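upload.cif (mmCIF, C-alpha atoms)
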data_run
loop_
_atom_site.label_atom_id
_atom_site.label_comp_id
_atom_site.auth_asym_id
_atom_site.auth_seq_id
_atom_site.Cartn_x
_atom_site.Cartn_y
_atom_site.Cartn_z
CA MET S 1 -3.24 -43.10 -92.27
CA ILE S 2 -6.41 -41.15 -93.08
CA SER S 3 -6.76 -38.27 -90.65
CA ARG S 4 -8.87 -35.20 -90.22
CA GLN S 5 -8.76 -32.21 -87.90
CA LEU S 6 -11.46 -29.90 -86.69
CA SER S 7 -10.84 -26.20 -87.05
CA THR S 8 -9.85 -24.42 -83.84
CA MET S 9 -9.55 -20.86 -82.72
CA SER S 10 -7.62 -18.56 -85.05
CA GLY S 11 -3.90 -18.48 -84.41
CA THR S 12 -3.65 -21.89 -82.75
CA VAL S 13 -2.25 -25.11 -84.12
CA PRO S 14 -4.98 -27.76 -84.16
CA PRO S 15 -4.46 -31.10 -82.38
CA ILE S 16 -3.53 -34.06 -84.54
CA VAL S 17 -3.83 -37.83 -84.04
CA SER S 18 -1.26 -40.09 -85.70
CA VAL S 19 -1.39 -43.89 -85.75
CA VAL S 20 1.61 -45.96 -86.92
CA PRO S 21 1.20 -48.19 -88.79
CA SER S 22 -2.21 -47.09 -90.01
CA ARG S 23 -2.56 -50.28 -92.10
CA ALA S 24 -1.45 -53.52 -90.42
CA LEU S 25 -2.28 -57.11 -89.60
CA VAL S 26 -4.57 -57.55 -86.61
CA ASP S 27 -1.76 -59.06 -84.54
CA GLU S 28 0.57 -56.09 -85.11
CA LYS S 29 0.89 -53.38 -82.49
CA ILE S 30 0.18 -49.75 -83.25
CA LYS S 31 1.44 -46.48 -81.75
CA VAL S 32 -1.16 -43.79 -81.13
CA LEU S 33 0.11 -40.25 -80.57
CA VAL S 34 -1.80 -37.01 -79.98
CA GLU S 35 0.06 -33.72 -80.44
CA ASN S 36 -0.59 -29.98 -80.20
CA LEU S 37 -2.76 -30.16 -77.09
CA PRO S 38 -2.44 -27.55 -74.33
CA PRO S 39 -0.11 -28.90 -71.60
CA GLY S 40 -1.94 -30.66 -68.77
CA SER S 41 -5.16 -31.08 -70.72
CA PRO S 42 -7.56 -33.89 -69.76
CA VAL S 43 -8.59 -35.73 -72.93
CA THR S 44 -10.30 -38.98 -73.87
CA LEU S 45 -8.95 -41.28 -76.58
CA HIS S 46 -11.80 -43.22 -78.22
CA SER S 47 -11.95 -46.06 -80.73
CA LEU S 48 -15.03 -46.98 -82.75
CA HIS S 49 -15.69 -49.88 -85.13
CA HIS S 50 -18.84 -50.57 -87.16
CA SER S 51 -19.01 -54.34 -87.59
CA GLU S 52 -20.22 -56.36 -90.55
CA ASP S 53 -23.24 -57.21 -88.39
CA ARG S 54 -23.98 -53.46 -88.21
CA ASP S 55 -23.15 -53.20 -84.52
CA TYR S 56 -20.92 -50.51 -83.03
CA TRP S 57 -17.98 -51.45 -80.82
CA GLU S 58 -15.96 -48.95 -78.80
CA ALA S 59 -13.20 -48.48 -76.23
CA TYR S 60 -11.82 -45.39 -74.53
CA GLY S 61 -9.13 -44.22 -72.13
CA HIS S 62 -8.70 -41.05 -70.05
CA TYR S 63 -5.37 -39.24 -70.39
CA VAL S 64 -3.68 -35.95 -69.42
CA SER S 65 -1.30 -34.35 -71.91
CA ASP S 66 2.31 -33.81 -70.84
CA HIS S 67 4.27 -30.53 -70.69
CA ARG S 68 4.71 -30.66 -74.49
CA GLY S 69 0.99 -31.09 -75.08
CA THR S 70 1.26 -34.71 -76.24
CA VAL S 71 -0.33 -38.02 -75.29
CA SER S 72 1.32 -41.33 -76.19
CA VAL S 73 -1.04 -44.26 -75.63
CA ALA S 74 1.93 -46.66 -75.42
CA LYS S 75 3.84 -44.60 -72.83
CA ASP S 76 1.26 -42.68 -70.83
CA LEU S 77 -1.19 -43.86 -68.21
CA SER S 78 -4.89 -44.16 -68.81
CA PHE S 79 -6.58 -42.99 -65.62
CA GLY S 80 -9.97 -44.49 -66.48
CA GLY S 81 -12.16 -45.86 -69.21
CA THR S 82 -12.42 -49.39 -70.60
CA TYR S 83 -8.77 -49.94 -69.63
CA THR S 84 -6.28 -48.32 -67.26
CA GLY S 85 -2.50 -48.03 -67.07
CA LYS S 86 0.04 -48.17 -69.88
CA GLU S 87 -1.75 -50.17 -72.56
CA ALA S 88 -0.54 -49.59 -76.12
CA MET S 89 -3.36 -51.74 -77.54
CA GLY S 90 -6.08 -50.96 -75.01
CA LEU S 91 -8.14 -49.11 -77.61
CA LEU S 92 -8.55 -52.43 -79.42
CA TRP S 93 -8.60 -55.29 -76.91
CA SER S 94 -10.97 -53.52 -74.48
CA MET S 95 -13.60 -52.88 -77.15
CA HIS S 96 -17.18 -53.72 -76.23
CA PRO S 97 -20.61 -53.06 -77.76
CA VAL S 98 -21.79 -49.48 -77.31
CA PRO S 99 -24.52 -48.92 -74.70
CA GLY S 100 -27.94 -50.01 -75.92
CA SER S 101 -26.58 -52.75 -78.22
CA ARG S 102 -28.11 -56.18 -78.60
CA LYS S 103 -27.12 -58.74 -75.94
CA GLY S 104 -24.56 -61.51 -76.40
CA LEU S 105 -22.65 -60.01 -79.33
CA ARG S 106 -19.39 -61.44 -80.65
CA LEU S 107 -17.13 -59.56 -83.04
CA ARG S 108 -15.91 -61.79 -85.89
CA LYS S 109 -14.63 -60.85 -89.34
CA ARG S 110 -16.48 -62.62 -92.12
CA ASP S 111 -14.94 -60.99 -95.18
CA VAL S 112 -11.18 -61.30 -94.76
CA CYS S 113 -10.60 -59.63 -98.13
CA SER S 114 -11.51 -56.29 -96.55
CA PRO S 115 -10.05 -54.67 -93.42
CA MET S 116 -11.58 -53.89 -90.08
CA LEU S 117 -11.88 -50.11 -90.03
CA VAL S 118 -11.34 -48.46 -86.66
CA ASN S 119 -11.73 -44.74 -86.05
CA ILE S 120 -9.38 -43.35 -83.38
CA SER S 121 -10.41 -39.93 -82.02
CA VAL S 122 -9.46 -37.54 -79.23
CA HIS S 123 -12.07 -35.62 -77.25
CA SER S 124 -11.79 -32.77 -74.77
CA GLY S 125 -12.19 -33.75 -71.13
CA HIS S 126 -12.72 -37.14 -69.50
CA ILE S 127 -15.97 -38.51 -70.91
CA ALA S 128 -17.57 -41.96 -70.91
CA GLU S 129 -20.54 -41.61 -73.24
CA GLY S 130 -21.98 -39.55 -76.04
CA PHE S 131 -18.89 -39.82 -78.22
CA ARG S 132 -20.78 -39.71 -81.50
CA GLN S 133 -22.66 -36.62 -80.36
CA GLN S 134 -19.50 -34.72 -79.40
CA PRO S 135 -17.24 -33.57 -82.27
CA PRO S 136 -13.66 -34.80 -81.73
CA LEU S 137 -10.62 -32.54 -81.58
CA ALA S 138 -8.99 -34.80 -84.19
CA SER S 139 -9.30 -38.32 -85.51
CA ALA S 140 -7.62 -40.96 -87.70
CA LEU S 141 -8.95 -44.02 -89.52
CA ILE S 142 -6.90 -47.23 -89.40
CA GLU S 143 -7.12 -50.56 -91.22
CA ARG S 144 -6.70 -53.88 -89.42
CA TRP S 145 -6.23 -56.85 -91.76
CA TYR S 146 -6.42 -60.61 -91.26
CA MET S 147 -4.94 -61.27 -94.69
CA ALA S 148 -1.53 -59.93 -95.72
CA PRO S 149 -0.86 -58.71 -99.27
CA GLY S 150 -0.09 -61.61 -101.60
CA VAL S 151 -1.99 -64.30 -99.66
CA GLN S 152 -4.12 -66.40 -102.01
CA ARG S 153 -7.70 -67.30 -101.05
CA ILE S 154 -9.01 -70.48 -102.73
CA SER S 155 -12.54 -71.82 -102.25
CA ILE S 156 -12.66 -75.60 -101.72
CA LYS S 157 -15.84 -77.44 -102.72
CA GLU S 158 -15.27 -81.14 -103.19
CA THR S 159 -17.32 -84.18 -102.22
CA GLY S 160 -18.39 -83.54 -98.63
CA VAL S 161 -15.69 -80.90 -98.09
CA ARG S 162 -16.43 -77.20 -97.93
CA GLY S 163 -13.75 -74.77 -96.87
CA THR S 164 -11.30 -72.08 -97.84
CA LEU S 165 -7.60 -72.58 -98.45
CA PHE S 166 -5.15 -69.74 -97.85
CA ILE S 167 -1.70 -69.89 -99.45
CA PRO S 168 1.11 -67.56 -98.26
CA PRO S 169 2.84 -65.27 -100.73
CA GLY S 170 6.02 -66.59 -102.31
CA PRO S 171 7.10 -69.61 -104.35
CA GLY S 172 6.39 -72.31 -101.74
CA PRO S 173 5.74 -75.06 -101.03
CA PHE S 174 4.72 -74.34 -97.44
CA PRO S 175 3.88 -76.29 -94.29
CA GLY S 176 0.12 -76.70 -93.91
CA LEU S 177 -2.50 -76.47 -91.16
CA LEU S 178 -6.05 -77.79 -91.08
CA ASP S 179 -8.07 -75.19 -89.14
CA LEU S 180 -11.02 -76.56 -87.12
CA TRP S 181 -13.34 -74.15 -85.32
CA GLY S 182 -15.83 -75.02 -82.59
CA GLY S 183 -19.41 -76.16 -82.20
CA GLY S 184 -20.97 -72.91 -83.37
CA GLY S 185 -20.49 -74.05 -86.96
CA GLY S 186 -20.11 -71.93 -90.05
CA LEU S 187 -17.13 -71.27 -92.28
CA LEU S 188 -14.79 -68.95 -90.39
CA GLU S 189 -11.75 -67.77 -92.31
CA TYR S 190 -10.11 -65.08 -90.20
CA ARG S 191 -7.71 -67.29 -88.23
CA SER S 192 -6.64 -69.25 -91.33
CA SER S 193 -5.98 -66.09 -93.31
CA LEU S 194 -3.87 -64.73 -90.44
CA ILE S 195 -1.97 -68.02 -90.17
CA ALA S 196 -1.24 -67.87 -93.91
CA SER S 197 0.01 -64.32 -93.43
CA HIS S 198 2.69 -65.86 -91.19
CA GLY S 199 3.86 -68.41 -93.76
CA PHE S 200 1.62 -71.47 -93.29
CA ALA S 201 -0.88 -72.75 -95.85
CA SER S 202 -4.14 -73.07 -93.92
CA LEU S 203 -7.46 -74.72 -94.76
CA ALA S 204 -10.45 -73.38 -92.84
CA LEU S 205 -12.99 -76.20 -92.80
CA GLU S 206 -16.77 -76.09 -92.40
CA TYR S 207 -17.46 -79.50 -90.86
CA LEU S 208 -20.78 -78.82 -89.14
CA SER S 209 -23.81 -78.55 -91.38
CA SER S 210 -27.37 -79.80 -91.63
CA ASP S 211 -26.30 -82.25 -94.34
CA ASP S 212 -25.54 -85.63 -92.75
CA GLN S 213 -24.90 -87.29 -96.09
CA TYR S 214 -21.17 -87.33 -95.39
CA PRO S 215 -19.90 -88.73 -92.06
CA LEU S 216 -17.73 -86.47 -89.94
CA PHE S 217 -14.82 -88.89 -90.23
CA SER S 218 -14.95 -88.74 -94.01
CA ILE S 219 -15.17 -84.94 -94.14
CA ILE S 220 -12.17 -84.26 -91.91
CA GLU S 221 -10.00 -87.03 -93.36
CA ALA S 222 -10.79 -85.86 -96.89
CA ALA S 223 -9.98 -82.27 -95.97
CA PHE S 224 -6.65 -83.30 -94.46
CA SER S 225 -5.80 -85.20 -97.65
CA ILE S 226 -6.81 -82.26 -99.87
CA LEU S 227 -4.47 -80.00 -97.92
CA LYS S 228 -1.62 -82.52 -97.85
CA ASP S 229 -1.87 -83.18 -101.59
CA HIS S 230 -1.99 -79.55 -102.69
CA PRO S 231 1.06 -78.66 -104.86
CA GLN S 232 1.85 -75.63 -102.66
CA VAL S 233 1.91 -77.72 -99.45
CA ILE S 234 4.76 -79.87 -98.11
CA PRO S 235 2.93 -83.17 -97.55
CA GLU S 236 5.01 -84.38 -94.62
CA ARG S 237 4.67 -81.05 -92.77
CA VAL S 238 0.93 -80.72 -92.18
CA GLY S 239 -0.56 -80.04 -88.74
CA ILE S 240 -3.96 -79.31 -87.21
CA PHE S 241 -5.14 -76.20 -85.33
CA GLY S 242 -8.33 -76.61 -83.30
CA LEU S 243 -10.51 -74.57 -80.95
CA SER S 244 -13.12 -76.03 -78.57
CA LEU S 245 -14.95 -78.82 -80.44
CA GLY S 246 -12.27 -78.44 -83.12
CA SER S 247 -9.64 -79.31 -80.49
CA ILE S 248 -11.64 -82.31 -79.29
CA LEU S 249 -11.70 -83.57 -82.87
CA THR S 250 -8.00 -82.78 -83.32
CA ILE S 251 -7.04 -84.93 -80.37
CA PHE S 252 -9.39 -87.72 -81.41
CA PHE S 253 -8.23 -87.90 -85.03
CA THR S 254 -4.56 -87.58 -84.08
CA ALA S 255 -4.89 -90.62 -81.82
CA GLU S 256 -7.35 -92.75 -83.78
CA SER S 257 -7.26 -91.97 -87.51
CA ALA S 258 -5.34 -94.16 -89.93
CA VAL S 259 -5.44 -91.36 -92.52
CA ILE S 260 -4.66 -88.24 -90.48
CA LYS S 261 -1.07 -88.21 -89.26
CA PRO S 262 -0.32 -84.60 -88.31
CA PHE S 263 3.22 -83.39 -87.86
CA CYS S 264 2.11 -81.29 -84.87
CA CYS S 265 -1.11 -79.94 -83.34
CA VAL S 266 -2.34 -76.83 -81.54
CA CYS S 267 -5.41 -77.34 -79.34
CA ILE S 268 -7.14 -74.35 -77.74
CA SER S 269 -9.75 -75.08 -75.07
CA GLY S 270 -10.20 -78.74 -75.98
CA SER S 271 -10.13 -82.09 -74.24
CA HIS S 272 -9.53 -85.78 -74.86
CA ILE S 273 -13.14 -86.82 -74.38
CA TYR S 274 -15.15 -88.01 -77.33
CA PRO S 275 -18.18 -90.22 -76.64
CA SER S 276 -17.62 -93.41 -78.57
CA GLY S 277 -20.02 -94.04 -81.41
CA LYS S 278 -21.36 -90.47 -81.32
CA SER S 279 -21.74 -88.30 -84.38
CA ARG S 280 -20.82 -84.61 -84.36
CA LYS S 281 -24.38 -83.88 -83.22
CA GLY S 282 -24.25 -86.55 -80.54
CA ILE S 283 -21.85 -84.57 -78.39
CA ASN S 284 -24.18 -81.60 -78.27
CA HIS S 285 -27.12 -83.85 -77.41
CA LEU S 286 -25.20 -85.12 -74.40
CA LYS S 287 -24.57 -81.58 -73.20
CA LEU S 288 -28.25 -80.88 -72.78
CA ASN S 289 -28.63 -83.19 -69.80
CA LYS S 290 -26.79 -81.22 -67.10
CA VAL S 291 -26.54 -77.63 -68.25
CA ARG S 292 -26.32 -75.11 -65.38
CA LEU S 293 -27.49 -71.50 -65.51
CA ASP S 294 -25.80 -68.62 -63.72
CA GLU S 295 -27.54 -65.63 -62.14
CA ASN S 296 -27.82 -63.99 -65.58
CA ASN S 297 -29.41 -67.08 -67.14
CA HIS S 298 -26.20 -67.78 -69.07
CA HIS S 299 -25.52 -71.42 -69.94
CA ILE S 300 -22.58 -73.19 -68.26
CA TRP S 301 -21.52 -76.51 -69.79
CA ARG S 302 -18.40 -77.13 -67.73
CA ASP S 303 -19.98 -79.64 -65.34
CA VAL S 304 -21.51 -81.54 -68.23
CA GLY S 305 -18.04 -82.12 -69.62
CA ARG S 306 -16.88 -83.34 -66.22
CA ALA S 307 -19.64 -85.94 -66.16
CA ILE S 308 -18.63 -87.20 -69.60
CA PHE S 309 -14.97 -87.10 -68.61
CA HIS S 310 -15.48 -89.52 -65.71
CA THR S 311 -16.75 -92.24 -68.07
CA PRO S 312 -13.58 -94.09 -69.24
CA SER S 313 -15.18 -95.21 -72.50
CA ASN S 314 -15.59 -91.56 -73.47
CA GLN S 315 -11.86 -90.85 -73.22
CA VAL S 316 -9.53 -90.88 -76.21
CA ASP S 317 -6.44 -93.07 -75.76
CA VAL S 318 -3.89 -90.26 -75.88
CA GLY S 319 -1.15 -92.83 -75.54
CA LYS S 320 -1.56 -93.23 -79.31
CA VAL S 321 -0.59 -89.60 -79.97
CA ASN S 322 2.73 -89.53 -81.82
CA CYS S 323 3.28 -85.86 -82.65
CA PRO S 324 4.07 -82.68 -80.67
CA MET S 325 0.91 -81.13 -79.26
CA LEU S 326 0.41 -77.69 -77.74
CA LEU S 327 -2.52 -77.29 -75.33
CA VAL S 328 -3.70 -73.73 -74.63
CA ASN S 329 -6.28 -73.35 -71.85
CA GLY S 330 -7.83 -70.77 -69.56
CA LEU S 331 -8.17 -71.41 -65.84
CA ASP S 332 -11.58 -69.67 -65.81
CA ASP S 333 -13.03 -71.71 -68.68
CA GLN S 334 -16.74 -72.03 -67.84
CA ASN S 335 -17.64 -74.02 -70.94
CA TRP S 336 -15.55 -77.17 -70.63
CA PRO S 337 -13.17 -78.88 -68.14
CA THR S 338 -10.14 -78.17 -70.32
CA VAL S 339 -7.53 -77.82 -67.58
CA GLU S 340 -8.59 -81.05 -65.86
CA SER S 341 -8.42 -82.77 -69.23
CA ALA S 342 -4.94 -81.40 -69.90
CA GLU S 343 -3.73 -82.72 -66.54
CA ASP S 344 -5.13 -86.17 -67.30
CA MET S 345 -3.61 -86.16 -70.78
CA ALA S 346 -0.21 -85.30 -69.35
CA GLU S 347 -0.47 -88.10 -66.79
CA LYS S 348 -1.47 -90.67 -69.41
CA MET S 349 1.15 -89.60 -71.94
CA ASN S 350 3.87 -89.59 -69.29
CA ALA S 351 2.87 -93.12 -68.33
CA VAL S 352 3.67 -94.38 -71.84
CA GLY S 353 6.83 -92.34 -72.27
CA LYS S 354 5.28 -89.65 -74.49
CA GLY S 355 5.09 -86.77 -72.04
CA HIS S 356 7.79 -84.93 -74.00
CA LEU S 357 5.34 -84.49 -76.88
CA LEU S 358 2.98 -82.38 -74.78
CA THR S 359 3.36 -78.64 -74.12
CA ARG S 360 0.83 -76.87 -71.91
CA LEU S 361 -0.04 -73.18 -71.61
CA GLU S 362 -2.53 -72.24 -68.89
CA TYR S 363 -3.63 -68.71 -68.09
CA PRO S 364 -5.36 -67.34 -64.95
CA ASP S 365 -8.68 -65.48 -65.27
CA THR S 366 -8.87 -66.59 -68.90
CA GLY S 367 -11.95 -68.08 -70.49
CA HIS S 368 -12.76 -70.52 -73.29
CA LEU S 369 -12.65 -68.28 -76.36
CA ILE S 370 -8.94 -67.58 -76.78
CA GLU S 371 -8.71 -65.62 -80.03
CA PRO S 372 -5.85 -63.95 -81.95
CA PRO S 373 -4.27 -61.03 -80.05
CA PHE S 374 -5.98 -57.69 -79.51
CA SER S 375 -9.39 -59.22 -80.22
CA PRO S 376 -12.09 -58.17 -77.73
CA HIS S 377 -12.81 -60.50 -74.82
CA PHE S 378 -16.12 -62.33 -75.07
CA ARG S 379 -17.18 -63.55 -71.63
CA ALA S 380 -20.71 -64.53 -72.70
CA THR S 381 -22.16 -64.57 -76.22
CA ASN S 382 -25.11 -65.81 -78.22
CA PHE S 383 -24.94 -69.47 -79.20
CA ILE S 384 -27.31 -71.74 -81.11
CA VAL S 385 -27.49 -75.24 -79.64
CA GLU S 386 -27.28 -77.56 -82.61
CA ALA S 387 -29.46 -80.31 -81.15
CA THR S 388 -32.46 -78.06 -80.48
CA LYS S 389 -31.67 -74.92 -82.53
CA GLU S 390 -32.34 -72.99 -79.32
CA LYS S 391 -30.63 -69.62 -79.06
CA VAL S 392 -28.96 -69.16 -75.68
CA ILE S 393 -26.25 -66.99 -74.16
CA MET S 394 -23.22 -69.13 -73.43
CA LEU S 395 -20.89 -68.29 -70.55
CA TRP S 396 -17.28 -68.72 -71.72
CA GLY S 397 -15.50 -67.14 -68.75
CA GLY S 398 -12.49 -64.91 -68.27
CA GLN S 399 -11.82 -61.33 -67.17
CA THR S 400 -11.03 -58.75 -69.83
CA LYS S 401 -7.47 -57.65 -68.97
CA PRO S 402 -5.93 -61.06 -68.09
CA HIS S 403 -7.84 -62.76 -70.91
CA SER S 404 -6.48 -60.22 -73.38
CA ASP S 405 -2.95 -60.69 -72.03
CA ALA S 406 -3.38 -64.44 -72.52
CA GLN S 407 -4.48 -63.96 -76.13
CA GLU S 408 -1.37 -61.92 -76.89
CA ASP S 409 1.04 -64.24 -75.10
CA SER S 410 -0.46 -67.48 -76.41
CA TRP S 411 -0.53 -66.30 -80.04
CA ARG S 412 3.17 -65.46 -79.92
CA LYS S 413 3.95 -68.89 -78.46
CA ILE S 414 1.63 -70.67 -80.91
CA LEU S 415 3.44 -69.12 -83.86
CA ALA S 416 6.81 -70.02 -82.31
CA PHE S 417 5.62 -73.62 -81.76
CA LEU S 418 4.46 -73.92 -85.38
CA GLN S 419 7.63 -72.31 -86.70
CA HIS S 420 9.79 -74.68 -84.67
CA HIS S 421 8.01 -77.88 -85.61
CA LEU S 422 6.88 -77.17 -89.18
CA TYR S 423 9.82 -75.14 -90.44
CA SER S 424 12.89 -76.11 -88.42
CA SER S 425 15.49 -78.18 -90.31
CA LEU S 426 13.17 -78.10 -93.27
CA THR S 427 14.50 -78.75 -96.74
CA PRO S 428 11.58 -78.10 -99.09
CA LYS S 429 10.84 -80.81 -101.62
CA VAL S 430 9.50 -79.82 -105.00
CA LYS S 431 6.50 -81.84 -106.12
CA LEU S 432 6.93 -83.29 -109.58
#
What would you get if you wrote out this structure as structure tokens?
Amino acid sequence: MISRQLSTMSGTVPPIVSVVPSRALVDEKIKVLVENLPPGSPVTLHSLHHSEDRDYWEAYGHYVSDHRGTVSVAKDLSFGGTYTGKEAMGLLWSMHPVPGSRKGLRLRKRDVCSPMLVNISVHSGHIAEGFRQQPPLASALIERWYMAPGVQRISIKETGVRGTLFIPPGPGPFPGLLDLWGGGGGLLEYRSSLIASHGFASLALEYLSSDDQYPLFSIIEAAFSILKDHPQVIPERVGIFGLSLGSILTIFFTAESAVIKPFCCVCISGSHIYPSGKSRKGINHLKLNKVRLDENNHHIWRDVGRAIFHTPSNQVDVGKVNCPMLLVNGLDDQNWPTVESAEDMAEKMNAVGKGHLLTRLEYPDTGHLIEPPFSPHFRATNFIVEATKEKVIMLWGGQTKPHSDAQEDSWRKILAFLQHHLYSSLTPKVKL
């Protein structure tokens, strides 16, 4: 922990802020403790992060020190701020852009080889603004990492395949996961690096680009083969982890591909609809027909998905799925009819005797973007529509506290699901 204290009146012991652990993975909990305050003092705990996009994110809670002059964020009540009640991680999951920031921001780590730095400070009184103008009583700087020590990061650039492979520390070989993000495109590494930190080799794949030279089928099947054939990966224990469009593709390839035979799958906010004969851009073209706007001019695509869903030829035959599949969905998803899709998948898989392969997690007041735990909640963010290159603000849904609870609970259950299916009764085979 890096901490500093401001000088106080002569003869008094200055307040101190301690954070344990001060260096940790992003899914690890921390304990924040303030000591040496006068008993019964109103104070504000504040967190501040300067993102790689040069935006400031903050959270804060209002506390009163106990008879010993201490505040424990994990044990004491926050009486106001960006979160209330006993919330050990409230200073992280309730973060939002500081007042005056650009609209539609989303906090995502691009460089996983460096930590997210968060400054935790304590201020006199219950305040809600002007934190950077008011000197704190004490502060501490913490590091939040997506990549554990010893994880290897390997750039993959082969014919049509661009991605990053993360290998856990240790001798291996390890179970593997192909990591597919959503329709926003880009190479996002932070979930894969975190997955590798928990013992799974993970390949983050960039499958959306302006280069149509390589068909989507070829890119994803080649990536799956690259992962499966890597000497540090157990070839018969490779799964797929998808979010949004990545989950749609996961379900499609699991049911239809002759090359991709995953051992298990995790699908966040996906569905079993995939317009036949459509390229990766074709789906987004379809969405443009029936987009709704809310009172803030935010784009809602949920009803568009419903219209596609009701065309039988657009549905994947999930009766062909032959591996365990975990569906994670929010009941307030405003982007896609994920819960309706999950219900239909369960009905169809039960009809062919495969209902036991499907596990469903559904969370109230939770939106589309279900991220690793303690990440901020993004109800509406900037999004570039691939078909038109138009920049819009997309409504994803969810309410901050229940959505954050869902992120924490689902991540724990996702890791347990992967551990059970990819590691249980596993006798590693050495590749010769």
- Please evaluate the PyMOL selection byres ((chain S and resi 59) around 12) against the displayed coordinates and give the resulting residues as a PyMOL selection string. chain S and resi 44-49+56-58+60-62+78+80-84+89-99+118-122+127-129+131+376
Dump of C-alpha atoms for the selected residues, as a PDB file, in the frame of the given file:
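Just written: out_15.pdb:
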ATOM      1  CA  THR S  44     -10.300 -38.980 -73.870  1.00  0.00           C
ATOM      2  CA  LEU S  45      -8.950 -41.280 -76.580  1.00  0.00           C
ATOM      3  CA  HIS S  46     -11.800 -43.220 -78.220  1.00  0.00           C
ATOM      4  CA  SER S  47     -11.950 -46.060 -80.730  1.00  0.00           C
ATOM      5  CA  LEU S  48     -15.030 -46.980 -82.750  1.00  0.00           C
ATOM      6  CA  HIS S  49     -15.690 -49.880 -85.130  1.00  0.00           C
ATOM      7  CA  TYR S  56     -20.920 -50.510 -83.030  1.00  0.00           C
ATOM      8  CA  TRP S  57     -17.980 -51.450 -80.820  1.00  0.00           C
ATOM      9  CA  GLU S  58     -15.960 -48.950 -78.800  1.00  0.00           C
ATOM     10  CA  TYR S  60     -11.820 -45.390 -74.530  1.00  0.00           C
ATOM     11  CA  GLY S  61      -9.130 -44.220 -72.130  1.00  0.00           C
ATOM     12  CA  HIS S  62      -8.700 -41.050 -70.050  1.00  0.00           C
ATOM     13  CA  SER S  78      -4.890 -44.160 -68.810  1.00  0.00           C
ATOM     14  CA  GLY S  80      -9.970 -44.490 -66.480  1.00  0.00           C
ATOM     15  CA  GLY S  81     -12.160 -45.860 -69.210  1.00  0.00           C
ATOM     16  CA  THR S  82     -12.420 -49.390 -70.600  1.00  0.00           C
ATOM     17  CA  TYR S  83      -8.770 -49.940 -69.630  1.00  0.00           C
ATOM     18  CA  THR S  84      -6.280 -48.320 -67.260  1.00  0.00           C
ATOM     19  CA  MET S  89      -3.360 -51.740 -77.540  1.00  0.00           C
ATOM     20  CA  GLY S  90      -6.080 -50.960 -75.010  1.00  0.00           C
ATOM     21  CA  LEU S  91      -8.140 -49.110 -77.610  1.00  0.00           C
ATOM     22  CA  LEU S  92      -8.550 -52.430 -79.420  1.00  0.00           C
ATOM     23  CA  TRP S  93      -8.600 -55.290 -76.910  1.00  0.00           C
ATOM     24  CA  SER S  94     -10.970 -53.520 -74.480  1.00  0.00           C
ATOM     25  CA  MET S  95     -13.600 -52.880 -77.150  1.00  0.00           C
ATOM     26  CA  HIS S  96     -17.180 -53.720 -76.230  1.00  0.00           C
ATOM     27  CA  PRO S  97     -20.610 -53.060 -77.760  1.00  0.00           C
ATOM     28  CA  VAL S  98     -21.790 -49.480 -77.310  1.00  0.00           C
ATOM     29  CA  PRO S  99     -24.520 -48.920 -74.700  1.00  0.00           C
ATOM     30  CA  VAL S 118     -11.340 -48.460 -86.660  1.00  0.00           C
ATOM     31  CA  ASN S 119     -11.730 -44.740 -86.050  1.00  0.00           C
ATOM     32  CA  ILE S 120      -9.380 -43.350 -83.380  1.00  0.00           C
ATOM     33  CA  SER S 121     -10.410 -39.930 -82.020  1.00  0.00           C
ATOM     34  CA  VAL S 122      -9.460 -37.540 -79.230  1.00  0.00           C
ATOM     35  CA  ILE S 127     -15.970 -38.510 -70.910  1.00  0.00           C
ATOM     36  CA  ALA S 128     -17.570 -41.960 -70.910  1.00  0.00           C
ATOM     37  CA  GLU S 129     -20.540 -41.610 -73.240  1.00  0.00           C
ATOM     38  CA  PHE S 131     -18.890 -39.820 -78.220  1.00  0.00           C
ATOM     39  CA  PRO S 376     -12.090 -58.170 -77.730  1.00  0.00           C
TER      40      PRO S 376
END
- Query: Residues picked by the PyMOL selection byres ((chain S and resi 63-70) around 6) here, as a list in words?
  - Reply: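 Selected by the PyMOL selection byres ((chain S and resi 63-70) around 6) here: Val34, Glu35, Asn36, Leu37, Pro38, Pro39, Gly40, Ser41, Pro42, Val43, His62, Val71 and Ser78 of chain S.
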Give me the residues near S:Tyr146 as an mmCIF file with C-alpha atoms, in the frame of the given file, where near means some atom within 6 Å (using all atoms listed in the file) and where sequence neighbours in that chain fewer than 6 positions away do not count.
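Written out: around09.cif:
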data_model
loop_
_atom_site.group_PDB
_atom_site.id
_atom_site.type_symbol
_atom_site.label_atom_id
_atom_site.label_comp_id
_atom_site.auth_asym_id
_atom_site.auth_seq_id
_atom_site.Cartn_x
_atom_site.Cartn_y
_atom_site.Cartn_z
ATOM 1 C CA LEU S 25 -2.280 -57.110 -89.600
ATOM 2 C CA VAL S 26 -4.570 -57.550 -86.610
ATOM 3 C CA VAL S 112 -11.180 -61.300 -94.760
ATOM 4 C CA TYR S 190 -10.110 -65.080 -90.200
ATOM 5 C CA SER S 193 -5.980 -66.090 -93.310
ATOM 6 C CA LEU S 194 -3.870 -64.730 -90.440
#
- Item | Residues within 6 Å of S:Phe166, all atoms listed in the file, excluding chain neighbours under 3 positions, as a list of chain:residue names |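 Skipping anything fewer than 3 positions along the chain leaves S:Gln152, S:Arg153, S:Ser193, S:Ala196, S:Ala201, S:Ser202.
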- Residues picked by the PyMOL selection byres ((chain S and resi 259) around 10) here, as a ChimeraX atom specification? /S:217-218,220-222,224-225,253-254,256-258,260-262
